[in-house]
Amino acid sequence: MKSLLLDIERIQPYCFYGRVVSVQGLLIEVAGLHSVSVGARGVISSRDNQEIGCEIVGFRQERALCMAFGPLEGIGLGCKAVITSHDPSIRPDHHWLGRVINAMGEPIDGLGPLTSGPDSYSLRASPPPAHSRQVVGGRINLGVRAINSFITCCRGQRMGIFAGSGVGKSVLLSMLAKNTDSDVCVIGLIGERGREVREFIEENLGEEGLKRSVIIVATSDEPALMRRQAAYMTMTVAEYFRDQEQDVLCLMDSVTRFAMAQREIGLSGGEPPTSKGYTPTVFSELPKLLERAGPGVSKGSITGLFTVLVEGDDHNEPVADAVRAILDGHIVLDRAIAERGRYPAINVLRSVSRTMPKCNLPEETGVILHARKLLAVYEDMAEMVRLGAYRPGADAEVDEAVKRFPLLDGFLEQKPDELTGFTSEMARLREILGLAGGN
């Protein structure tokens with residue numbers, strides 16, 4: 001009854017009508033709309049009697065600036081625009097598990113319509129209040145040995161996966177989705193290549209991974225509004241399962257394409273470009289999106305892993321820099337490691353988890369720090385060792401690093417279908433370091 005009353009309150013007693021007076025690029029100017037606000041939704045009737053969804057993104061000289069959720073073919077001067085909604089929302093349900101939907105919450109997997117839940121969730125919901133949300137929980141098994149051991153993640157933590165193109169992000173995401181011990185996995189494929197969607201679902205994720213997942217897809221050929229909304233849809237579905245007191249793993253690929261979509265929207269609306277052409281709203285929308293992940297106000301949590309596509313392997317470009325400052329840690333995929341055939345190509349020395357000290361026991365932390373130290377020593381001396389400029393016996397620490405490195409490198413390598421857990425990982429790491437028995 002409460003949900004029904006809320007829906008009745010959202011019903012507008014009247015609609016606002018206007019007419020298209022200009023179309024410039026992706027921007028549609030509509031005159032005659034009054035008492036509407038930025039973010040309001042509506043439809044534009046094209047000349048071939050098609051209704052195309054739109055959203056108000058700004059105003060200019062008493063005209064509403066709109067962008068469409070679909071192609072602009074058929075839209076011309078005088079076409080009617082109707083604003084029907086000011087708070088877009090969806091009604092998620094647990095039957096959405098195993099389904100693939102688009103940014104509008106419509107099924108695209110050919111398995112029939114989606115069932116609607118009793119509660120309505122706003123797509124642009126605010127993050128939980130900072131003073132009332134829970135702290136991050138205990139460590140979570142993400143099923144990837146390099147992450148579990150060297151970059152341990154807690155329930156409700158938010159991590160970034162920073163990588164260039166072709167370094168193995170999709171395979172890593174599929175390993176996380178299949179092997180994690182979270183209750184539910186919500187996966188957002190934002191601006192993905194069309195041919196890769198089915199490949200990811202059928203080959204990488206597989207039937208078992210899909211059973212406990214909800215996948216939201218917006219391909220790269222879709223309008224910027226659809227790509228941006230797919231990110232909001234991903235977080236909204238994750239929030240629904242979090243509110244059911246479940247531990248949710250939210251994977252989003254990628255935050256960079258969300259930022260690009262927001263940049264496209266901002267530039268069309270007349271915002272000034274700043275760093276690398278990104279508009280100010282990009283850097284205001286990023287924290288609003290990413291802060292929605294994390295612990296809830298009750299038992300549920302959203303553990304978020306967001307990929308960041310670093311252009312030209314520049315890890316200091318504007319979006320990467322902004323995301324790294326917001327999140328609770330970062331995982332770096334290194335092209336040099338991928339080129340020598342070790343997957344996942346995680347550079348554990350450049351990666352960090354800000355909650356890791358709370359996740360592990362002091363003895364486990366000591367083992368991991370010792371292993372990191374050996375990897376760092378080897379990386380510093382690797383070139384001299386390869387050139388033969390280092391003489392064995394000159395430094396005991398370097399000798400140990402050279403001896404242990406092949407074993408540590410093998411420890412970090414993992415096949416996509418290989419299962420792993422904390423106990424076996426720590427036992428193997430102690431054995432590699434010559435610390436068997438906890439000494």
# chains A, B, ... in the order shown; residues from 1 in each chain; ligands from 1
$ residues_around --residues "region 350-364 of chain A" --least-positions-apart "2" --cutoff "9 Å" --atoms "only C-alpha atoms" --output "number ranges by chain"
A: 136-140, 149-154, 157, 159, 328-333, 346-348, 366-369, 426, 438
$ select_by_dssp --residues "region 98-198 of chain A" --states "alpha helix (DSSP H)" --output "VMD selection string"
chain A and resid 145 to 150 169 to 179 194 to 198
$ residues_around --residues "Ala231 (chain A)" --least-positions-apart "4" --cutoff "7 Å" --atoms "only C-alpha atoms" --output "list in words"
Gly188, Ile190, Arg227, Met235 and Phe258 of chain A
$ select_by_dssp --residues "region 63-217 of chain A" --states "strand (DSSP E)" --output "PyMOL selection string"
chain A and resi 63-68+80-85+89-90+100-101+121-122+158-163+184-192+213-217
$ residues_around --residues "Val385 (chain A)" --least-positions-apart "6" --cutoff "9 Å" --atoms "only C-alpha atoms" --output "JSON, numbers by chain"
{"A": [378, 391, 402]}
$ write_last_selection --atoms "N, CA, C and O atoms" --output "PDB file, in the first residue's frame"
ATOM      1  N   TYR A 378      63.189  -7.261  -6.864  1.00  0.00           N
ATOM      2  CA  TYR A 378      63.465  -7.869  -8.170  1.00  0.00           C
ATOM      3  C   TYR A 378      63.203  -6.876  -9.298  1.00  0.00           C
ATOM      4  O   TYR A 378      63.978  -6.796 -10.260  1.00  0.00           O
ATOM      5  N   ARG A 391      76.315  -9.762  -9.855  1.00  0.00           N
ATOM      6  CA  ARG A 391      76.986 -11.001  -9.471  1.00  0.00           C
ATOM      7  C   ARG A 391      76.267 -11.625  -8.289  1.00  0.00           C
ATOM      8  O   ARG A 391      76.090 -10.964  -7.252  1.00  0.00           O
ATOM      9  N   VAL A 402      65.712 -12.877  -6.575  1.00  0.00           N
ATOM     10  CA  VAL A 402      65.927 -13.571  -7.841  1.00  0.00           C
ATOM     11  C   VAL A 402      65.485 -15.026  -7.729  1.00  0.00           C
ATOM     12  O   VAL A 402      64.889 -15.595  -8.659  1.00  0.00           O
TER      13      VAL A 402
END
$ residues_around --residues "Leu33 (chain A)" --least-positions-apart "5" --cutoff "7 Å" --atoms "only C-alpha atoms" --output "number ranges by chain"
A: 16-18, 64
$ atom_distance --atom1 "CA of Ser182 (chain A)" --atom2 "CA of Met233 (chain A)"
19.7 Å
$ residues_around --residues "region 55-60 of chain A" --least-positions-apart "3" --cutoff "9 Å" --atoms "only C-alpha atoms" --output "list of chain:residue names"
A:Glu29, A:Val36, A:Ser37, A:Val38, A:Gly39, A:Ala40, A:Arg41, A:Gly42, A:Val43, A:Arg63, A:Ala64, A:Leu65, A:Cys66, A:Met67, A:Ala68, A:Phe69, A:Ile83, A:Leu225, A:Ile265, A:Gly266, A:Ser268, A:Gly269, A:Gly270
$ residues_around --residues "Gly168 (chain A)" --least-positions-apart "4" --cutoff "12 Å" --atoms "only C-alpha atoms" --output "list in words"
Ile161, Phe162, Ala163, Gly164, Leu172, Leu173, Ser174, Met175, Asn204, Thr307, Leu309, Val332, Leu333, Asp334, Arg335, Ile337, Ala338, Glu339, Gly341, Arg342, Tyr343, Pro344, Ala345, Ile346 and Pro416 of chain A
$ write_last_selection --atoms "N, CA, C and O atoms" --output "mmCIF file, in the first residue's frame"
data_model
loop_
_atom_site.group_PDB
_atom_site.id
_atom_site.type_symbol
_atom_site.label_atom_id
_atom_site.label_comp_id
_atom_site.auth_asym_id
_atom_site.auth_seq_id
_atom_site.Cartn_x
_atom_site.Cartn_y
_atom_site.Cartn_z
ATOM 1 N N ILE A 161 39.553 -0.752 -11.507
ATOM 2 C CA ILE A 161 40.441 -1.611 -12.301
ATOM 3 C C ILE A 161 40.932 -0.758 -13.467
ATOM 4 O O ILE A 161 40.182 -0.460 -14.395
ATOM 5 N N PHE A 162 42.192 -0.351 -13.420
ATOM 6 C CA PHE A 162 42.757 0.585 -14.385
ATOM 7 C C PHE A 162 43.554 -0.192 -15.427
ATOM 8 O O PHE A 162 44.477 -0.935 -15.077
ATOM 9 N N ALA A 163 43.193 0.000 -16.696
ATOM 10 C CA ALA A 163 43.883 -0.748 -17.747
ATOM 11 C C ALA A 163 43.677 -0.093 -19.091
ATOM 12 O O ALA A 163 42.674 0.607 -19.319
ATOM 13 N N GLY A 164 44.628 -0.309 -19.992
ATOM 14 C CA GLY A 164 44.466 0.094 -21.375
ATOM 15 C C GLY A 164 43.643 -0.942 -22.120
ATOM 16 O O GLY A 164 43.189 -1.942 -21.552
ATOM 17 N N LEU A 172 39.076 -10.763 -16.701
ATOM 18 C CA LEU A 172 39.161 -10.564 -15.257
ATOM 19 C C LEU A 172 37.779 -10.356 -14.656
ATOM 20 O O LEU A 172 37.458 -10.912 -13.597
ATOM 21 N N LEU A 173 36.926 -9.568 -15.317
ATOM 22 C CA LEU A 173 35.565 -9.356 -14.822
ATOM 23 C C LEU A 173 34.781 -10.655 -14.778
ATOM 24 O O LEU A 173 34.018 -10.905 -13.841
ATOM 25 N N SER A 174 34.951 -11.495 -15.798
ATOM 26 C CA SER A 174 34.237 -12.778 -15.802
ATOM 27 C C SER A 174 34.718 -13.675 -14.668
ATOM 28 O O SER A 174 33.921 -14.392 -14.051
ATOM 29 N N MET A 175 36.014 -13.648 -14.354
ATOM 30 C CA MET A 175 36.537 -14.427 -13.223
ATOM 31 C C MET A 175 35.938 -13.935 -11.919
ATOM 32 O O MET A 175 35.553 -14.732 -11.046
ATOM 33 N N ASN A 204 32.655 -16.039 -21.563
ATOM 34 C CA ASN A 204 33.389 -15.638 -20.369
ATOM 35 C C ASN A 204 32.597 -15.881 -19.093
ATOM 36 O O ASN A 204 33.097 -16.481 -18.145
ATOM 37 N N THR A 307 35.817 -0.548 -13.890
ATOM 38 C CA THR A 307 36.979 -0.482 -14.774
ATOM 39 C C THR A 307 37.146 0.940 -15.311
ATOM 40 O O THR A 307 36.170 1.656 -15.543
ATOM 41 N N LEU A 309 39.211 2.820 -18.375
ATOM 42 C CA LEU A 309 39.999 2.642 -19.590
ATOM 43 C C LEU A 309 40.969 3.805 -19.711
ATOM 44 O O LEU A 309 40.572 4.934 -19.999
ATOM 45 N N VAL A 332 45.752 -2.283 -10.945
ATOM 46 C CA VAL A 332 46.373 -1.843 -12.198
ATOM 47 C C VAL A 332 46.717 -3.067 -13.049
ATOM 48 O O VAL A 332 47.441 -3.965 -12.592
ATOM 49 N N LEU A 333 46.187 -3.107 -14.270
ATOM 50 C CA LEU A 333 46.571 -4.132 -15.243
ATOM 51 C C LEU A 333 47.679 -3.552 -16.117
ATOM 52 O O LEU A 333 47.525 -2.479 -16.706
ATOM 53 N N ASP A 334 48.779 -4.269 -16.184
ATOM 54 C CA ASP A 334 50.000 -3.770 -16.831
ATOM 55 C C ASP A 334 50.180 -4.432 -18.196
ATOM 56 O O ASP A 334 50.196 -5.661 -18.303
ATOM 57 N N ARG A 335 50.323 -3.612 -19.237
ATOM 58 C CA ARG A 335 50.492 -4.149 -20.585
ATOM 59 C C ARG A 335 51.784 -4.957 -20.721
ATOM 60 O O ARG A 335 51.819 -5.978 -21.414
ATOM 61 N N ILE A 337 53.186 -6.825 -18.486
ATOM 62 C CA ILE A 337 52.957 -8.160 -17.911
ATOM 63 C C ILE A 337 52.125 -9.003 -18.867
ATOM 64 O O ILE A 337 52.392 -10.196 -19.066
ATOM 65 N N ALA A 338 51.100 -8.400 -19.491
ATOM 66 C CA ALA A 338 50.275 -9.132 -20.456
ATOM 67 C C ALA A 338 51.097 -9.569 -21.661
ATOM 68 O O ALA A 338 50.900 -10.673 -22.192
ATOM 69 N N GLU A 339 52.032 -8.724 -22.088
ATOM 70 C CA GLU A 339 52.834 -9.053 -23.268
ATOM 71 C C GLU A 339 53.757 -10.241 -23.039
ATOM 72 O O GLU A 339 54.139 -10.912 -23.999
ATOM 73 N N GLY A 341 52.779 -12.766 -21.282
ATOM 74 C CA GLY A 341 51.912 -13.936 -21.200
ATOM 75 C C GLY A 341 51.420 -14.318 -19.826
ATOM 76 O O GLY A 341 50.921 -15.423 -19.655
ATOM 77 N N ARG A 342 51.540 -13.417 -18.844
ATOM 78 C CA ARG A 342 51.019 -13.758 -17.518
ATOM 79 C C ARG A 342 49.666 -13.089 -17.301
ATOM 80 O O ARG A 342 49.552 -11.882 -17.349
ATOM 81 N N TYR A 343 48.640 -13.902 -17.102
ATOM 82 C CA TYR A 343 47.279 -13.394 -16.882
ATOM 83 C C TYR A 343 46.724 -13.958 -15.579
ATOM 84 O O TYR A 343 47.005 -15.103 -15.245
ATOM 85 N N PRO A 344 45.909 -13.172 -14.854
ATOM 86 C CA PRO A 344 45.601 -11.766 -15.113
ATOM 87 C C PRO A 344 46.841 -10.895 -14.930
ATOM 88 O O PRO A 344 47.666 -11.148 -14.057
ATOM 89 N N ALA A 345 46.941 -9.867 -15.779
ATOM 90 C CA ALA A 345 48.154 -9.046 -15.829
ATOM 91 C C ALA A 345 48.129 -7.960 -14.763
ATOM 92 O O ALA A 345 48.308 -6.771 -15.049
ATOM 93 N N ILE A 346 47.934 -8.354 -13.503
ATOM 94 C CA ILE A 346 47.838 -7.402 -12.401
ATOM 95 C C ILE A 346 49.229 -7.050 -11.899
ATOM 96 O O ILE A 346 50.018 -7.929 -11.555
ATOM 97 N N PRO A 416 41.298 -18.819 -16.136
ATOM 98 C CA PRO A 416 39.960 -18.272 -15.889
ATOM 99 C C PRO A 416 39.033 -19.194 -15.108
ATOM 100 O O PRO A 416 38.181 -18.725 -14.353
#
$ closest_residue --among "A:Glu264, A:Leu97, A:Ala293, A:Arg195" --to "Glu208 (chain A)" --atoms "only C-alpha atoms"
A:Leu97
$ closest_residue --among "A:Asp221, A:Met381, A:Thr236, A:Leu419" --to "Asp399 (chain A)" --atoms "only C-alpha atoms"
A:Met381
$ atom_distance --atom1 "CA of Val308 (chain A)" --atom2 "CA of Glu203 (chain A)"
22.6 Å
$ closest_residue --among "A:Leu27, A:Gly70, A:Glu245, A:Arg292" --to "Pro129 (chain A)" --atoms "only C-alpha atoms"
A:Arg292
$ atom_distance --atom1 "CA of Asn148 (chain A)" --atom2 "CA of Thr420 (chain A)"
9.1 Å
$ closest_residue --among "A:Ser284, A:Gln414, A:Asn141, A:Thr219" --to "Thr303 (chain A)" --atoms "only C-alpha atoms"
A:Asn141
$ closest_residue --among "A:Lys288, A:Arg372, A:Arg99, A:Arg19" --to "Glu207 (chain A)" --atoms "only C-alpha atoms"
A:Arg99
$ decode --residues "region 191-231 of chain A" --atoms "N, CA and C atoms" --output "tab-separated table (two decimals), in the first residue's frame"
chain	number	residue	atom	x	y	z
A	191	GLY	N	28.77	1.17	-23.03
A	191	GLY	CA	29.50	1.51	-24.26
A	191	GLY	C	30.29	0.34	-24.80
A	192	GLU	N	29.82	-0.87	-24.57
A	192	GLU	CA	30.55	-2.07	-25.00
A	192	GLU	C	30.39	-2.28	-26.50
A	193	ARG	N	31.37	-2.95	-27.11
A	193	ARG	CA	31.24	-3.33	-28.52
A	193	ARG	C	30.10	-4.34	-28.66
A	194	GLY	N	29.28	-4.16	-29.69
A	194	GLY	CA	28.11	-5.01	-29.85
A	194	GLY	C	28.44	-6.49	-29.95
A	195	ARG	N	29.50	-6.84	-30.67
A	195	ARG	CA	29.83	-8.25	-30.87
A	195	ARG	C	30.35	-8.90	-29.60
A	196	GLU	N	30.83	-8.09	-28.65
A	196	GLU	CA	31.45	-8.66	-27.46
A	196	GLU	C	30.44	-8.98	-26.36
A	197	VAL	N	29.20	-8.50	-26.51
A	197	VAL	CA	28.21	-8.72	-25.45
A	197	VAL	C	27.91	-10.21	-25.30
A	198	ARG	N	27.55	-10.85	-26.40
A	198	ARG	CA	27.23	-12.29	-26.33
A	198	ARG	C	28.48	-13.11	-25.99
A	199	GLU	N	29.63	-12.67	-26.49
A	199	GLU	CA	30.87	-13.38	-26.16
A	199	GLU	C	31.11	-13.35	-24.66
A	200	PHE	N	30.90	-12.18	-24.04
A	200	PHE	CA	31.11	-12.07	-22.59
A	200	PHE	C	30.12	-12.95	-21.84
A	201	ILE	N	28.85	-12.92	-22.25
A	201	ILE	CA	27.82	-13.66	-21.53
A	201	ILE	C	27.99	-15.16	-21.70
A	202	GLU	N	28.20	-15.62	-22.93
A	202	GLU	CA	28.21	-17.06	-23.21
A	202	GLU	C	29.56	-17.71	-22.99
A	203	GLU	N	30.64	-17.02	-23.34
A	203	GLU	CA	31.96	-17.64	-23.26
A	203	GLU	C	32.69	-17.30	-21.97
A	204	ASN	N	32.65	-16.04	-21.56
A	204	ASN	CA	33.39	-15.64	-20.37
A	204	ASN	C	32.60	-15.88	-19.09
A	205	LEU	N	31.35	-15.41	-19.07
A	205	LEU	CA	30.54	-15.54	-17.85
A	205	LEU	C	30.00	-16.95	-17.69
A	206	GLY	N	29.41	-17.50	-18.73
A	206	GLY	CA	28.89	-18.86	-18.67
A	206	GLY	C	27.54	-18.96	-17.99
A	207	GLU	N	26.94	-20.14	-18.10
A	207	GLU	CA	25.60	-20.35	-17.56
A	207	GLU	C	25.56	-20.21	-16.05
A	208	GLU	N	26.57	-20.76	-15.35
A	208	GLU	CA	26.58	-20.70	-13.89
A	208	GLU	C	26.72	-19.26	-13.40
A	209	GLY	N	27.57	-18.50	-14.05
A	209	GLY	CA	27.74	-17.10	-13.65
A	209	GLY	C	26.50	-16.27	-13.93
A	210	LEU	N	25.79	-16.58	-15.02
A	210	LEU	CA	24.61	-15.80	-15.39
A	210	LEU	C	23.46	-16.04	-14.43
A	211	LYS	N	23.38	-17.22	-13.83
A	211	LYS	CA	22.25	-17.56	-12.97
A	211	LYS	C	22.07	-16.60	-11.81
A	212	ARG	N	23.16	-16.10	-11.28
A	212	ARG	CA	23.06	-15.20	-10.13
A	212	ARG	C	23.44	-13.77	-10.49
A	213	SER	N	23.30	-13.43	-11.77
A	213	SER	CA	23.70	-12.11	-12.24
A	213	SER	C	22.55	-11.41	-12.95
A	214	VAL	N	22.60	-10.08	-12.92
A	214	VAL	CA	21.76	-9.24	-13.77
A	214	VAL	C	22.72	-8.41	-14.62
A	215	ILE	N	22.51	-8.42	-15.94
A	215	ILE	CA	23.42	-7.73	-16.85
A	215	ILE	C	22.69	-6.59	-17.52
A	216	ILE	N	23.26	-5.41	-17.44
A	216	ILE	CA	22.70	-4.21	-18.09
A	216	ILE	C	23.63	-3.82	-19.23
A	217	VAL	N	23.08	-3.65	-20.42
A	217	VAL	CA	23.90	-3.44	-21.61
A	217	VAL	C	23.50	-2.16	-22.32
A	218	ALA	N	24.48	-1.36	-22.68
A	218	ALA	CA	24.31	-0.23	-23.60
A	218	ALA	C	25.52	-0.23	-24.52
A	219	THR	N	25.33	-0.56	-25.77
A	219	THR	CA	26.46	-0.70	-26.69
A	219	THR	C	26.95	0.67	-27.15
A	220	SER	N	28.12	0.69	-27.77
A	220	SER	CA	28.78	1.95	-28.12
A	220	SER	C	28.04	2.74	-29.18
A	221	ASP	N	27.15	2.10	-29.97
A	221	ASP	CA	26.42	2.80	-31.01
A	221	ASP	C	25.16	3.48	-30.50
A	222	GLU	N	24.80	3.26	-29.24
A	222	GLU	CA	23.60	3.87	-28.69
A	222	GLU	C	23.87	5.32	-28.29
A	223	PRO	N	22.81	6.15	-28.22
A	223	PRO	CA	22.99	7.56	-27.85
A	223	PRO	C	23.63	7.72	-26.48
A	224	ALA	N	24.21	8.90	-26.26
A	224	ALA	CA	24.91	9.17	-25.00
A	224	ALA	C	23.98	9.03	-23.80
A	225	LEU	N	22.72	9.44	-23.93
A	225	LEU	CA	21.77	9.32	-22.81
A	225	LEU	C	21.58	7.87	-22.41
A	226	MET	N	21.54	6.97	-23.38
A	226	MET	CA	21.36	5.54	-23.08
A	226	MET	C	22.59	4.99	-22.37
A	227	ARG	N	23.78	5.41	-22.82
A	227	ARG	CA	25.00	4.92	-22.18
A	227	ARG	C	25.11	5.43	-20.75
A	228	ARG	N	24.75	6.69	-20.55
A	228	ARG	CA	24.78	7.23	-19.19
A	228	ARG	C	23.74	6.55	-18.31
A	229	GLN	N	22.54	6.36	-18.85
A	229	GLN	CA	21.48	5.76	-18.04
A	229	GLN	C	21.78	4.30	-17.70
A	230	ALA	N	22.52	3.60	-18.56
A	230	ALA	CA	22.89	2.22	-18.24
A	230	ALA	C	23.70	2.15	-16.95
A	231	ALA	N	24.55	3.16	-16.72
A	231	ALA	CA	25.31	3.20	-15.47
A	231	ALA	C	24.39	3.43	-14.29
